[in-house]
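Have a look at the structure below, then the notes.
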Amino acid sequence: MTAHLTNLLVLLSGSGRTLVNLAQAIADGKLDAHIAGVIASRSCKGIDRAAELGIDHRVVPGEISADDLDTLAREVDADWIVLAGYLKLIHIPPRLRGRVVNIHPALLPDFGGPGMFGDRVHRAVLDAGCAESGCTVHLCDDRFDTGPIVLQRRCPVLPGDSVQTLADRVFKEECLAYPAALQQLVSSCESKSEMPGGHQI
């Protein structure tokens with residue numbers, strides 16, 4: 001009997017760079033999963049990239065209710081909901097609690113919460129004079145950027161950094177962190193062990 005391949009439903013709102021990174025990690029054998037569908041909160045480059053990758057996709061504007069998210073996940077037989085630059089608050093149905101994952105471009109719990117996304121995060125890090133930044137992969141609850149941390153990666157904030165140079169450095173860490181964290185979660189569930197605790201690299 002063929003083992004069930006873990007299905008991911010990716011939610012996004014922007015460029016789709018994280019979607020492409022995950023697809024590449026799967027192609028490279030670094031993530032044992034299949035991207036079964038993409039939901040976008042608006043028309044965006046991410047939808048175009050999903051089409052280029054041959055992934056089922058649609059636009060669902062506004063906040064998605066827990067019941068509707070459950071329906072969308074069932075339609076593609078999704079095991080995990082993966083947020084990839086998704087800007088709407090997630091309402092998690094009971095059966096998917098502990099199965100919704102997000103990546104944030106800072107070291108949570110710092111620089112998270114409503115309105116903290118993209119360049120706003122990097123500007124806040126620079127304005128605070130931080131010596132380092134990074135990214136955080138975490139399980140989601142019903143608030144922005146909270147929930148148990150799965151994995152963090154760190155990088156320095158360099159003298160003379162702009163928002164863009166810092167964003168580029170953090171995104172390089174995201175490209176490593178998200179596939180690694182998802183593989184960790186997938187492997188943990190396949191072995192029927194408990195969800196892994198957070199750790200840092």
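Chains: A, B, ... in order of the structure tokens. Residues: from 1 per chain. Ligands: from 1, in order shown.
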
- as a PyMOL selection string, list the residues of chain A assigned to alpha helix (DSSP H) by DSSP on the backbone atoms of this structure. chain A and resi 17-27+45-52+66-75+119-127+163-190

- Message: Quick one: residues within 8 Å of Ile35 in chain A, only C-alpha atoms, excluding same-chain residues fewer than 2 positions away - as an NGL selection string?
- Response: :A and (7-10 or 23 or 33 or 37-38 or 55)

- With a distance cut-off of 7 Å and only C-alpha atoms, select the neighbouring residues of range 69-86 of chain A, excluding the residue or stretch itself and same-chain residues fewer than 6 positions from it, and output the selection as a PyMOL selection string. chain A and resi 6-14+18-19+36-37+93+99-103

- Task: Find, counting only C-alpha atoms, the residue in A:Glu174, A:Asp56, A:Asp127, A:Asp67 that gets nearest to Ala106 in chain A.
- Result: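 With only C-alpha atoms as the atom set, the closest residue is A:Glu174.
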
- Item | Atom-to-atom span, CA of Ser15 in chain A and CA of Ile64 in chain A, Å |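 Going from CA of Ser15 in chain A over to CA of Ile64 in chain A covers 20.1 Å.
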